[in-house]
$ cat upload.csv   # CSV, C-alpha atoms
chain,number,residue,atom,x,y,z
G,137,MET,CA,-180.3,33.3,-102.9
G,138,LYS,CA,-182.5,31.2,-100.8
G,139,PHE,CA,-184.5,28.5,-102.5
G,140,PRO,CA,-188.2,29.4,-102.1
G,141,THR,CA,-190.3,27.2,-99.9
G,142,GLU,CA,-193.0,25.2,-101.7
G,143,ALA,CA,-195.6,27.2,-99.8
G,144,ARG,CA,-194.3,30.4,-101.3
G,145,LEU,CA,-194.1,28.8,-104.8
G,146,ARG,CA,-197.7,27.7,-104.5
G,147,GLN,CA,-198.8,31.1,-103.5
G,148,ILE,CA,-197.1,32.8,-106.4
G,149,ILE,CA,-198.4,30.1,-108.8
G,150,ALA,CA,-202.0,30.7,-107.5
G,151,PHE,CA,-201.6,34.5,-108.0
G,152,VAL,CA,-200.2,34.3,-111.5
G,153,ALA,CA,-202.7,31.6,-112.5
G,154,ALA,CA,-205.5,33.9,-111.3
G,155,LEU,CA,-204.1,36.7,-113.4
G,156,GLY,CA,-204.1,34.3,-116.4
G,157,ILE,CA,-207.7,33.4,-115.8
G,158,GLY,CA,-208.5,37.1,-116.0
G,159,VAL,CA,-206.7,37.8,-119.2
G,160,ALA,CA,-208.0,34.7,-121.0
G,161,THR,CA,-211.5,35.4,-119.8
G,162,TYR,CA,-211.3,38.9,-121.1
G,163,ILE,CA,-210.1,37.7,-124.5
G,164,THR,CA,-212.9,35.1,-124.6
G,165,ILE,CA,-215.7,37.6,-123.7
G,166,ALA,CA,-214.4,40.3,-126.1
G,167,ASP,CA,-214.4,37.7,-128.9
G,168,SER,CA,-217.8,36.2,-128.0
G,169,GLY,CA,-219.9,39.0,-129.4
G,170,GLY,CA,-218.2,39.0,-132.7
G,171,GLY,CA,-215.9,41.7,-131.5
G,172,ALA,CA,-212.2,41.6,-130.5
G,173,PRO,CA,-210.1,42.5,-127.5
G,174,THR,CA,-209.0,46.2,-127.4
G,175,CYS,CA,-205.3,46.9,-127.6
G,176,LEU,CA,-204.5,49.2,-124.7
G,177,ALA,CA,-202.0,51.2,-126.6
G,178,GLY,CA,-204.1,51.6,-129.7
G,179,GLY,CA,-203.4,50.0,-133.0
G,180,GLY,CA,-205.4,47.2,-134.6
G,181,GLY,CA,-203.1,44.3,-133.7
G,182,CYS,CA,-205.6,42.8,-131.3
G,183,GLU,CA,-208.4,42.9,-133.8
G,184,THR,CA,-206.3,41.5,-136.6
G,185,VAL,CA,-205.2,38.5,-134.5
G,186,ALA,CA,-208.7,38.0,-133.1
G,187,ASN,CA,-210.1,38.0,-136.6
G,188,SER,CA,-207.5,35.6,-138.1
G,189,SER,CA,-208.3,32.0,-138.8
G,190,TYR,CA,-205.7,31.0,-136.1
G,191,SER,CA,-207.7,32.4,-133.3
G,192,HIS,CA,-210.1,29.5,-133.1
G,193,ILE,CA,-209.7,25.7,-133.0
G,194,ALA,CA,-212.7,23.7,-134.0
G,195,GLY,CA,-214.8,26.8,-133.6
G,196,VAL,CA,-213.5,27.4,-130.1
G,197,ASN,CA,-211.5,30.5,-129.2
G,198,VAL,CA,-208.0,29.4,-128.1
G,199,ALA,CA,-208.4,31.6,-125.0
G,200,VAL,CA,-210.9,29.1,-123.7
G,201,PHE,CA,-208.2,26.5,-123.7
G,202,GLY,CA,-206.1,29.0,-121.8
G,203,ILE,CA,-208.8,29.4,-119.2
G,204,VAL,CA,-208.9,25.6,-118.7
G,205,GLY,CA,-205.1,25.5,-118.3
G,206,TYR,CA,-205.0,28.4,-115.9
G,207,VAL,CA,-207.8,26.9,-113.7
G,208,VAL,CA,-205.9,23.5,-113.5
G,209,LEU,CA,-202.8,25.4,-112.6
G,210,LEU,CA,-204.6,27.4,-109.9
G,211,ALA,CA,-206.1,24.1,-108.5
G,212,SER,CA,-202.6,22.5,-108.4
G,213,ALA,CA,-201.4,25.2,-106.2
G,214,PHE,CA,-203.8,24.1,-103.5
G,215,PHE,CA,-202.1,20.7,-103.0
G,216,ALA,CA,-198.6,19.8,-101.9
G,217,ASP,CA,-198.2,16.3,-103.3
G,218,ASP,CA,-196.4,14.8,-106.3
G,219,LEU,CA,-199.6,14.6,-108.4
G,220,ALA,CA,-200.1,18.3,-108.0
G,221,ARG,CA,-196.5,19.1,-108.7
G,222,PHE,CA,-196.2,17.0,-111.8
G,223,GLY,CA,-199.7,17.8,-113.0
G,224,GLY,CA,-199.0,21.5,-112.6
G,225,PHE,CA,-195.6,21.1,-114.4
G,226,ALA,CA,-197.2,19.2,-117.3
G,227,VAL,CA,-200.0,21.7,-117.8
G,228,ALA,CA,-197.6,24.6,-117.6
G,229,LEU,CA,-195.3,22.9,-120.0
G,230,GLY,CA,-198.1,22.3,-122.5
G,231,GLY,CA,-199.3,25.9,-122.1
G,232,PHE,CA,-195.8,27.2,-122.6
G,233,GLY,CA,-195.3,25.2,-125.7
G,234,PHE,CA,-198.6,26.3,-127.1
G,235,SER,CA,-197.8,29.9,-126.3
G,236,VAL,CA,-194.6,29.6,-128.2
G,237,TYR,CA,-196.5,28.3,-131.2
G,238,LEU,CA,-199.2,31.0,-131.0
G,239,THR,CA,-196.5,33.7,-130.7
G,240,TYR,CA,-194.8,32.3,-133.9
G,241,LEU,CA,-198.2,32.5,-135.7
G,242,GLU,CA,-198.6,36.2,-134.6
G,243,LEU,CA,-195.1,37.1,-135.7
G,244,PHE,CA,-194.8,35.2,-139.0
G,245,LYS,CA,-198.3,34.3,-140.2
G,246,ILE,CA,-200.7,36.9,-139.0
G,247,GLU,CA,-198.0,39.5,-138.8
G,248,ALA,CA,-199.8,41.4,-136.0
G,249,ILE,CA,-199.3,41.5,-132.2
G,250,CYS,CA,-202.1,41.2,-129.7
G,251,GLN,CA,-201.0,42.6,-126.4
G,252,TRP,CA,-203.4,40.4,-124.5
G,253,CYS,CA,-202.0,37.3,-126.2
G,254,VAL,CA,-198.5,38.4,-125.4
G,255,GLY,CA,-199.6,39.0,-121.8
G,256,SER,CA,-201.0,35.5,-121.5
G,257,ALA,CA,-197.8,34.0,-123.1
G,258,VAL,CA,-195.7,35.9,-120.5
G,259,LEU,CA,-197.9,34.6,-117.6
G,260,MET,CA,-197.8,31.1,-118.9
G,261,THR,CA,-194.0,31.3,-119.2
G,262,ILE,CA,-193.7,32.5,-115.6
G,263,LEU,CA,-196.0,29.6,-114.6
G,264,PHE,CA,-193.8,27.1,-116.5
G,265,LEU,CA,-190.7,28.4,-114.7
G,266,LEU,CA,-192.4,28.3,-111.3
G,267,ASN,CA,-193.8,24.8,-111.7
G,268,THR,CA,-190.5,23.5,-113.0
G,269,THR,CA,-188.8,25.0,-109.9
G,270,ARG,CA,-191.5,23.4,-107.8
G,271,LEU,CA,-191.0,20.0,-109.4
G,272,ILE,CA,-187.3,20.0,-109.3
G,273,GLY,CA,-187.2,21.3,-105.7
G,274,TYR,CA,-189.9,19.3,-104.1
G,275,ALA,CA,-190.7,16.2,-106.1
G,276,GLY,CA,-190.7,13.2,-103.8
G,277,THR,CA,-190.8,15.2,-100.7
G,278,THR,CA,-193.4,15.2,-98.0
G,279,ASP,CA,-191.9,18.1,-96.0
G,280,ALA,CA,-193.0,21.0,-98.2
G,281,ALA,CA,-190.7,23.5,-96.4
G,282,VAL,CA,-187.4,21.9,-97.4
G,283,PRO,CA,-186.2,21.6,-100.9
G,284,GLU,CA,-184.9,18.1,-102.0
G,285,LYS,CA,-181.1,18.0,-102.2
G,286,GLY,CA,-179.4,16.1,-105.0
V,114,MET,CA,-187.3,-5.0,-72.3
V,115,SER,CA,-184.4,-3.0,-73.7
V,116,ASN,CA,-184.0,-5.6,-76.5
V,117,LYS,CA,-187.5,-5.0,-77.5
V,118,LYS,CA,-187.0,-1.3,-77.5
V,119,ASP,CA,-183.8,-1.7,-79.5
V,120,ARG,CA,-185.6,-3.9,-82.0
V,121,GLU,CA,-188.4,-1.4,-82.3
V,122,LYS,CA,-185.9,1.4,-82.8
V,123,ARG,CA,-184.0,-0.5,-85.4
V,124,ARG,CA,-187.3,-1.4,-87.2
V,125,GLU,CA,-188.3,2.3,-87.2
V,126,GLU,CA,-185.0,3.4,-88.6
V,127,ARG,CA,-185.3,0.7,-91.3
V,128,LEU,CA,-188.8,1.9,-92.3
V,129,GLN,CA,-187.6,5.5,-92.4
V,130,GLU,CA,-184.7,4.5,-94.6
V,131,GLU,CA,-187.0,2.6,-96.9
V,132,THR,CA,-189.4,5.5,-97.1
V,133,LYS,CA,-186.5,7.8,-98.0
V,134,VAL,CA,-185.3,5.4,-100.7
V,135,ASP,CA,-188.8,5.2,-102.1
V,136,ALA,CA,-189.2,8.9,-102.1
V,137,GLY,CA,-185.8,9.3,-103.9
V,138,GLU,CA,-186.8,6.8,-106.5
V,139,ARG,CA,-190.2,8.5,-107.0
V,140,ARG,CA,-188.5,11.8,-107.4
V,141,THR,CA,-186.0,10.4,-110.0
V,142,ARG,CA,-188.9,8.9,-111.9
V,143,LEU,CA,-190.9,12.1,-111.8
V,144,LEU,CA,-187.9,14.1,-113.0
V,145,GLN,CA,-187.3,11.6,-115.8
V,146,PHE,CA,-191.0,11.9,-116.9
V,147,GLY,CA,-190.6,15.6,-116.7
V,148,ALA,CA,-187.6,15.6,-119.0
V,149,GLY,CA,-189.4,13.3,-121.4
V,150,ALA,CA,-192.4,15.6,-121.4
V,151,VAL,CA,-190.2,18.6,-122.2
V,152,PHE,CA,-188.6,16.7,-125.1
V,153,LEU,CA,-192.1,15.7,-126.5
V,154,VAL,CA,-193.4,19.2,-126.2
V,155,ILE,CA,-190.3,20.6,-128.0
V,156,VAL,CA,-190.8,18.1,-130.8
V,157,ALA,CA,-194.6,18.9,-131.0
V,158,VAL,CA,-193.9,22.6,-131.2
V,159,VAL,CA,-191.3,22.2,-133.9
V,160,VAL,CA,-193.6,19.9,-135.9
V,161,LEU,CA,-196.4,22.5,-135.7
V,162,ILE,CA,-194.2,25.3,-136.7
V,163,VAL,CA,-192.8,23.4,-139.7
V,164,ALA,CA,-196.3,22.3,-140.7
V,165,SER,CA,-197.5,25.9,-140.5
V,166,SER,CA,-194.6,27.4,-142.5
V,167,GLY,CA,-195.8,25.5,-145.6
V,168,GLY,CA,-198.3,27.4,-147.6
V,169,GLY,CA,-196.6,30.7,-147.6
V,170,GLY,CA,-199.0,32.0,-150.1
V,171,GLY,CA,-200.6,30.9,-153.4
V,172,ASP,CA,-201.5,27.6,-151.8
V,173,ALA,CA,-205.0,26.6,-152.8
V,174,THR,CA,-205.1,23.9,-150.1
V,175,ASN,CA,-204.1,26.2,-147.2
V,176,LEU,CA,-205.9,29.5,-147.5
V,177,LYS,CA,-205.3,31.9,-144.6
V,178,GLU,CA,-207.3,34.6,-142.9
V,179,VAL,CA,-210.7,33.4,-144.1
V,180,SER,CA,-212.5,34.5,-140.8
V,181,ALA,CA,-210.4,37.7,-140.7
V,182,VAL,CA,-211.7,38.7,-144.1
V,183,ASP,CA,-215.3,37.8,-143.2
V,184,SER,CA,-215.0,40.0,-140.1
V,185,LEU,CA,-213.4,42.8,-142.1
V,186,VAL,CA,-216.1,43.1,-144.8
V,187,GLY,CA,-219.0,41.7,-142.9
V,188,GLY,CA,-220.0,45.1,-141.5
V,189,SER,CA,-221.3,46.6,-144.7
V,190,PRO,CA,-223.4,45.5,-147.7
V,191,GLN,CA,-221.8,44.6,-151.0
V,192,ASN,CA,-223.0,45.3,-154.4
V,193,GLU,CA,-220.8,44.0,-157.2
V,194,MET,CA,-217.4,45.4,-156.3
V,195,VAL,CA,-218.7,48.2,-154.1
V,196,LEU,CA,-218.5,47.7,-150.3
V,197,GLY,CA,-220.7,50.0,-148.3
V,198,LYS,CA,-224.2,51.4,-148.1
V,199,PRO,CA,-225.4,52.4,-151.6
V,200,LYS,CA,-226.6,55.8,-150.3
V,201,ALA,CA,-223.2,56.7,-148.9
V,202,LYS,CA,-222.3,60.0,-150.3
V,203,VAL,CA,-218.6,59.5,-150.8
V,204,GLU,CA,-217.1,56.8,-153.0
V,205,LEU,CA,-213.4,55.9,-152.6
V,206,MET,CA,-212.3,54.1,-155.7
V,207,GLU,CA,-209.4,51.7,-155.6
V,208,TYR,CA,-207.6,50.7,-158.8
V,209,GLY,CA,-205.6,47.6,-158.1
V,210,ASP,CA,-204.2,44.3,-159.4
V,211,LEU,CA,-205.0,41.2,-157.3
V,212,GLN,CA,-201.4,40.0,-157.8
V,213,CYS,CA,-199.9,43.3,-156.6
V,214,PRO,CA,-198.1,42.9,-153.2
V,215,ILE,CA,-198.4,46.6,-152.4
V,216,CYS,CA,-202.2,46.3,-152.9
V,217,LYS,CA,-202.0,43.5,-150.4
V,218,GLU,CA,-200.2,45.7,-147.9
V,219,TYR,CA,-202.9,48.4,-148.3
V,220,SER,CA,-205.5,45.8,-147.8
V,221,GLU,CA,-204.0,44.6,-144.6
V,222,GLU,CA,-202.6,47.7,-143.0
V,223,VAL,CA,-204.4,50.8,-144.3
V,224,LEU,CA,-207.9,50.0,-145.5
V,225,PRO,CA,-209.2,48.0,-142.6
V,226,GLN,CA,-209.4,51.1,-140.4
V,227,VAL,CA,-210.9,53.1,-143.2
V,228,ILE,CA,-213.6,50.4,-143.7
V,229,GLU,CA,-214.3,50.3,-140.0
V,230,ASN,CA,-214.4,54.0,-139.4
V,231,LYS,CA,-215.9,55.3,-142.6
V,232,VAL,CA,-217.5,52.6,-144.6
V,233,ASP,CA,-219.2,50.6,-141.9
V,234,GLY,CA,-220.5,53.9,-140.5
V,235,GLY,CA,-222.1,54.8,-143.8
V,236,GLN,CA,-220.1,57.9,-144.6
V,237,ALA,CA,-218.4,56.3,-147.6
V,238,LYS,CA,-218.4,53.3,-149.8
V,239,ILE,CA,-215.3,51.8,-151.4
V,240,SER,CA,-215.2,50.3,-154.9
V,241,PHE,CA,-212.5,48.1,-156.4
V,242,ASN,CA,-211.7,48.5,-160.1
V,243,ASN,CA,-209.3,46.2,-161.9
V,244,PHE,CA,-206.1,47.9,-163.1
V,245,THR,CA,-204.1,44.9,-164.3
V,246,ILE,CA,-200.4,45.5,-164.7
V,247,ILE,CA,-198.5,42.8,-162.9
V,248,GLY,CA,-198.8,39.8,-165.3
V,249,PRO,CA,-200.8,37.5,-167.5
V,250,GLN,CA,-202.7,36.0,-164.5
V,251,SER,CA,-203.9,39.4,-163.3
V,252,ALA,CA,-206.8,39.7,-165.8
V,253,PRO,CA,-208.3,36.2,-165.1
V,254,ALA,CA,-207.9,36.9,-161.3
V,255,GLY,CA,-209.6,40.2,-161.8
V,256,ALA,CA,-212.5,38.7,-163.7
V,257,ALA,CA,-212.8,36.0,-161.1
V,258,ALA,CA,-213.3,38.7,-158.4
V,259,LEU,CA,-215.9,40.4,-160.6
V,260,ALA,CA,-217.8,37.1,-161.0
V,261,ALA,CA,-217.7,36.7,-157.2
V,262,GLY,CA,-219.0,40.2,-156.9
V,263,ALA,CA,-222.0,39.2,-159.0
V,264,GLN,CA,-222.9,36.8,-156.2
V,265,GLY,CA,-222.3,39.4,-153.5
V,266,ARG,CA,-218.9,38.0,-152.4
V,267,GLY,CA,-216.6,40.3,-154.4
V,268,TRP,CA,-214.9,42.0,-151.5
V,269,ASN,CA,-214.5,38.7,-149.7
V,270,TYR,CA,-212.8,37.3,-152.8
V,271,LEU,CA,-210.6,40.4,-153.2
V,272,GLU,CA,-209.4,40.5,-149.6
V,273,LEU,CA,-208.9,36.8,-149.4
V,274,PHE,CA,-206.9,36.8,-152.6
V,275,TYR,CA,-204.7,39.6,-151.3
V,276,ARG,CA,-204.0,37.7,-148.1
V,277,ASN,CA,-203.1,34.5,-149.9
V,278,GLN,CA,-200.9,35.9,-152.7
V,279,GLY,CA,-198.1,33.8,-153.8
V,280,GLY,CA,-194.8,35.0,-155.2
V,281,GLU,CA,-195.4,37.9,-157.6
V,282,ASN,CA,-196.0,36.6,-161.1
V,283,SER,CA,-194.9,33.2,-160.1
V,284,GLY,CA,-197.9,31.5,-161.8
V,285,TYR,CA,-199.7,30.6,-158.6
V,286,ALA,CA,-203.1,32.1,-159.7
V,287,THR,CA,-204.1,28.9,-161.4
V,288,ASP,CA,-207.8,27.8,-162.0
V,289,GLU,CA,-207.4,25.6,-158.9
V,290,PHE,CA,-206.3,28.6,-156.8
V,291,LEU,CA,-208.9,30.9,-158.1
V,292,GLU,CA,-211.6,28.4,-157.4
V,293,ALA,CA,-210.3,27.7,-153.9
V,294,VAL,CA,-210.5,31.4,-153.1
V,295,ALA,CA,-214.0,31.5,-154.5
V,296,LYS,CA,-215.2,28.7,-152.3
V,297,ALA,CA,-213.5,30.1,-149.2
V,298,ALA,CA,-215.0,33.5,-150.0
V,299,GLY,CA,-218.4,32.0,-149.8
V,300,VAL,CA,-219.4,32.1,-153.5
V,301,LYS,CA,-222.4,29.9,-153.5
V,302,ASP,CA,-222.8,28.9,-157.2
V,303,ILE,CA,-219.3,27.9,-158.2
V,304,ALA,CA,-220.4,26.5,-161.6
V,305,LYS,CA,-222.0,29.9,-162.4
V,306,TRP,CA,-219.0,31.7,-161.1
V,307,ASN,CA,-216.6,29.6,-163.3
V,308,LYS,CA,-218.7,30.3,-166.4
V,309,GLU,CA,-219.1,34.0,-165.8
V,310,ARG,CA,-215.4,34.7,-164.9
V,311,LYS,CA,-214.4,33.4,-168.4
V,312,GLY,CA,-217.2,35.2,-170.2
V,313,GLU,CA,-217.0,38.4,-172.1
V,314,LYS,CA,-218.9,40.6,-169.6
V,315,PHE,CA,-216.3,40.4,-166.9
V,316,THR,CA,-213.1,40.0,-169.0
V,317,ASN,CA,-214.2,43.1,-170.9
V,318,GLN,CA,-214.9,45.0,-167.7
V,319,VAL,CA,-211.3,44.2,-166.5
V,320,THR,CA,-210.0,45.7,-169.8
V,321,GLU,CA,-212.3,48.8,-169.5
V,322,THR,CA,-211.3,49.7,-165.9
V,323,THR,CA,-207.6,49.1,-166.8
V,324,GLU,CA,-207.9,51.6,-169.7
V,325,GLN,CA,-209.8,54.0,-167.4
V,326,ALA,CA,-207.0,53.9,-164.9
V,327,GLN,CA,-204.5,54.6,-167.7
V,328,THR,CA,-206.6,57.6,-168.9
V,329,TYR,CA,-206.5,59.0,-165.4
V,330,GLY,CA,-202.7,58.8,-165.6
V,331,PHE,CA,-202.3,56.1,-163.0
V,332,THR,CA,-199.0,54.3,-163.4
V,333,GLY,CA,-199.0,51.9,-160.5
V,334,THR,CA,-201.1,50.0,-158.1
V,335,PRO,CA,-202.9,50.6,-155.9
V,336,SER,CA,-204.1,54.0,-157.1
V,337,PHE,CA,-207.1,55.8,-155.6
V,338,ALA,CA,-209.7,58.4,-156.7
V,339,ILE,CA,-212.6,59.8,-154.8
V,340,LYS,CA,-215.9,61.5,-155.6
V,341,GLY,CA,-218.4,63.0,-153.3
V,342,PRO,CA,-220.6,66.1,-152.7
V,343,SER,CA,-217.6,68.4,-152.2
V,344,THR,CA,-215.5,67.1,-155.1
V,345,ASN,CA,-215.4,68.3,-158.7
V,346,GLY,CA,-216.4,65.0,-160.2
V,347,ILE,CA,-213.8,62.3,-159.7
V,348,GLU,CA,-210.7,63.6,-158.1
V,349,LEU,CA,-207.4,61.6,-158.1
V,350,LEU,CA,-205.8,61.1,-154.8
V,351,GLY,CA,-202.0,61.3,-154.5
V,352,THR,CA,-199.9,58.8,-152.7
V,353,MET,CA,-201.6,58.1,-149.3
V,354,THR,CA,-200.0,55.7,-146.9
V,355,THR,CA,-202.0,56.0,-143.7
V,356,PRO,CA,-205.6,55.3,-142.9
V,357,GLU,CA,-205.8,58.9,-141.4
V,358,GLU,CA,-205.0,60.4,-144.8
V,359,PHE,CA,-207.8,58.4,-146.5
V,360,GLU,CA,-210.2,59.4,-143.7
V,361,GLU,CA,-209.3,63.0,-144.1
V,362,ALA,CA,-209.8,62.8,-147.9
V,363,ILE,CA,-213.3,61.3,-147.2
V,364,GLU,CA,-214.1,64.0,-144.8
V,365,LYS,CA,-213.1,66.7,-147.3
V,366,ALA,CA,-215.2,65.0,-150.1
V,367,SER,CA,-218.3,64.7,-147.8
$ encode --input "upload.csv" --output "structure tokens"
Amino acid sequence: MKFPTEARLRQIIAFVAALGIGVATYITIADSGGGAPTCLAGGGGCETVANSSYSHIAGVNVAVFGIVGYVVLLASAFFADDLARFGGFAVALGGFGFSVYLTYLELFKIEAICQWCVGSAVLMTILFLLNTTRLIGYAGTTDAAVPEKG
Amino acid sequence: MSNKKDREKRREERLQEETKVDAGERRTRLLQFGAGAVFLVIVAVVVLIVASSGGGGGDATNLKEVSAVDSLVGGSPQNEMVLGKPKAKVELMEYGDLQCPICKEYSEEVLPQVIENKVDGGQAKISFNNFTIIGPQSAPAGAAALAAGAQGRGWNYLELFYRNQGGENSGYATDEFLEAVAKAAGVKDIAKWNKERKGEKFTNQVTETTEQAQTYGFTGTPSFAIKGPSTNGIELLGTMTTPEEFEEAIEKAS
């Protein structure tokens, strides 16, 4: 399998980050009126999670932090330098770790699953893998088309 | 001339080599930072999970689901231990024990949909009546809920207690725990609440509703009864396990 070019990785990162912005924005808007996101397949899991005390940090919906993260990741896709590569990796790593923690809370504390939260966790996991690939493949390079060997 | 060209060529090669070495070192540094960051995030996530796994229930210092409960019962008025519009024609009556884990399950998995679909809409109201069977802390907990109800926070108290139950009959429902639940439930006058929960009015009421449940023939918690325009007085409901069954019972009683 051919190692993807950095340009291709950046395109995919931008696309997935844009999807993440959409999901996180929906969760935020749905919560803002005192409501909750609607689970697509029915069931009250989305509402249970949204109404739990874990859905906010210092009064701010956790999805807002997601929006910030996804926007930074989207921005990092527009630059082909080490700052963007490492910055994107660091944000995706933090987002992935936080997603793991939030998923733990859903399963073991709230005991309900919000499909939108799971969706966001999946997107952030994909972004973590993409940014890790980008960092390992292209850190230290100036020629974005060629992955670094060794 | 050719010496100058040779020198320039060698200089250029040397600069390229140095750039390559710098880039290699920079890459190594970045990957090392990345590995360090991964390690730190793993540690942070583990610490968060371990910190969260304390307070599995019955923990006065770490009450869960406060906002979830506020959202659940916030859509309807409360009057003592009745949730819903006073003029609602159907009353669904729950007989439960605050320490009962099955009552907790009903509270979390069955009743929210009923409250959202039937109580918030005004078709029914739901009342909680103490039926204390689990253990010695059940009656004081029940009286504490009634005292919270006297300040309009009975259902907040009840639902919050359910969501923060400790091990059944493990002794977690101490005065400290009861008071923590009252504060988190939004009981405004804690001193008044403390006095009233220990007073005769509410402790007697717990005994009365427990005896009432026994005369109905209830043997476990939660048990349910219903009354409405289409019922013959108070009708006992059999075992119902889904919100839809309760909604159908409310429809029939309407």
$ residues_around --input "upload.csv" --residues "Val198 (chain G)" --least-positions-apart "6" --cutoff "9 Å" --atoms "only C-alpha atoms" --output "PyMOL selection string"
chain G and resi 160+164+190-192
$ atom_distance --input "upload.csv" --atom1 "CA of Phe214 (chain G)" --atom2 "CA of Val196 (chain G)"
28.5 Å
$ residues_around --input "upload.csv" --residues "Thr268 (chain G)" --least-positions-apart "4" --cutoff "10 Å" --atoms "only C-alpha atoms" --output "compact mmCIF listing (two decimals) with C-alpha atoms, keeping the file's coordinate frame"
# COMPACT_ATOMS: atom_id res chain seq x y z
CA ARG G 221 -196.50 19.10 -108.70
CA PHE G 222 -196.20 17.00 -111.80
CA GLY G 224 -199.00 21.50 -112.60
CA PHE G 225 -195.60 21.10 -114.40
CA ALA G 226 -197.20 19.20 -117.30
CA ALA G 228 -197.60 24.60 -117.60
CA LEU G 229 -195.30 22.90 -120.00
CA ILE G 262 -193.70 32.50 -115.60
CA LEU G 263 -196.00 29.60 -114.60
CA PHE G 264 -193.80 27.10 -116.50
CA ILE G 272 -187.30 20.00 -109.30
CA GLY G 273 -187.20 21.30 -105.70
CA TYR G 274 -189.90 19.30 -104.10
CA LEU V 144 -187.90 14.10 -113.00
CA GLY V 147 -190.60 15.60 -116.70
$ closest_atom_pairs --input "upload.csv" --of "chain G" --to "chain V" --cutoff "9 Å" --atoms "all atoms listed in the file" --output "JSON lines"
{"residue": "G:Gly170", "atom": "CA", "partner": "V:Ser184", "partner_atom": "CA", "distance": 8.1}
{"residue": "G:Gly171", "atom": "CA", "partner": "V:Ser184", "partner_atom": "CA", "distance": 8.8}
{"residue": "G:Gly180", "atom": "CA", "partner": "V:Gln226", "partner_atom": "CA", "distance": 8.1}
{"residue": "G:Glu183", "atom": "CA", "partner": "V:Ala181", "partner_atom": "CA", "distance": 8.9}
{"residue": "G:Thr184", "atom": "CA", "partner": "V:Ala181", "partner_atom": "CA", "distance": 6.9}
{"residue": "G:Val185", "atom": "CA", "partner": "V:Ala181", "partner_atom": "CA", "distance": 8.1}
{"residue": "G:Ala186", "atom": "CA", "partner": "V:Ala181", "partner_atom": "CA", "distance": 7.8}
{"residue": "G:Asn187", "atom": "CA", "partner": "V:Ala181", "partner_atom": "CA", "distance": 4.1}
{"residue": "G:Ser188", "atom": "CA", "partner": "V:Ala181", "partner_atom": "CA", "distance": 4.4}
{"residue": "G:Ser189", "atom": "CA", "partner": "V:Glu178", "partner_atom": "CA", "distance": 5.0}
{"residue": "G:Tyr190", "atom": "CA", "partner": "V:Glu178", "partner_atom": "CA", "distance": 7.9}
{"residue": "G:Asp218", "atom": "CA", "partner": "V:Leu143", "partner_atom": "CA", "distance": 8.2}
{"residue": "G:Phe222", "atom": "CA", "partner": "V:Leu143", "partner_atom": "CA", "distance": 7.2}
{"residue": "G:Phe225", "atom": "CA", "partner": "V:Gly147", "partner_atom": "CA", "distance": 7.8}
{"residue": "G:Ala226", "atom": "CA", "partner": "V:Ala150", "partner_atom": "CA", "distance": 7.3}
{"residue": "G:Leu229", "atom": "CA", "partner": "V:Val151", "partner_atom": "CA", "distance": 7.0}
{"residue": "G:Gly230", "atom": "CA", "partner": "V:Val154", "partner_atom": "CA", "distance": 6.7}
{"residue": "G:Gly233", "atom": "CA", "partner": "V:Val158", "partner_atom": "CA", "distance": 6.2}
{"residue": "G:Phe234", "atom": "CA", "partner": "V:Val158", "partner_atom": "CA", "distance": 7.3}
{"residue": "G:Val236", "atom": "CA", "partner": "V:Val158", "partner_atom": "CA", "distance": 7.6}
{"residue": "G:Tyr237", "atom": "CA", "partner": "V:Val158", "partner_atom": "CA", "distance": 6.3}
{"residue": "G:Tyr240", "atom": "CA", "partner": "V:Ile162", "partner_atom": "CA", "distance": 7.6}
{"residue": "G:Leu241", "atom": "CA", "partner": "V:Ser165", "partner_atom": "CA", "distance": 8.2}
{"residue": "G:Phe244", "atom": "CA", "partner": "V:Ser166", "partner_atom": "CA", "distance": 8.6}
{"residue": "G:Lys245", "atom": "CA", "partner": "V:Ser166", "partner_atom": "CA", "distance": 8.2}
{"residue": "G:Ile246", "atom": "CA", "partner": "V:Glu178", "partner_atom": "CA", "distance": 8.0}
{"residue": "G:Thr268", "atom": "CA", "partner": "V:Gly147", "partner_atom": "CA", "distance": 8.7}
{"residue": "G:Leu271", "atom": "CA", "partner": "V:Leu144", "partner_atom": "CA", "distance": 7.6}
{"residue": "G:Ile272", "atom": "CA", "partner": "V:Leu144", "partner_atom": "CA", "distance": 7.0}
{"residue": "G:Tyr274", "atom": "CA", "partner": "V:Arg140", "partner_atom": "CA", "distance": 8.3}
{"residue": "G:Ala275", "atom": "CA", "partner": "V:Arg140", "partner_atom": "CA", "distance": 5.1}
{"residue": "G:Gly276", "atom": "CA", "partner": "V:Arg140", "partner_atom": "CA", "distance": 4.4}
{"residue": "G:Thr277", "atom": "CA", "partner": "V:Ala136", "partner_atom": "CA", "distance": 6.6}
{"residue": "G:Thr278", "atom": "CA", "partner": "V:Ala136", "partner_atom": "CA", "distance": 8.6}
$ closest_residue --input "upload.csv" --among "V:Arg310, V:Val232, V:Ser115, V:Glu218" --to "Phe359 (chain V)" --atoms "all atoms listed in the file"
V:Val232
$ closest_residue --input "upload.csv" --among "G:Met260, G:Ala213, G:Thr269, G:Gly255" --to "Arg146 (chain G)" --atoms "all atoms listed in the file"
G:Ala213
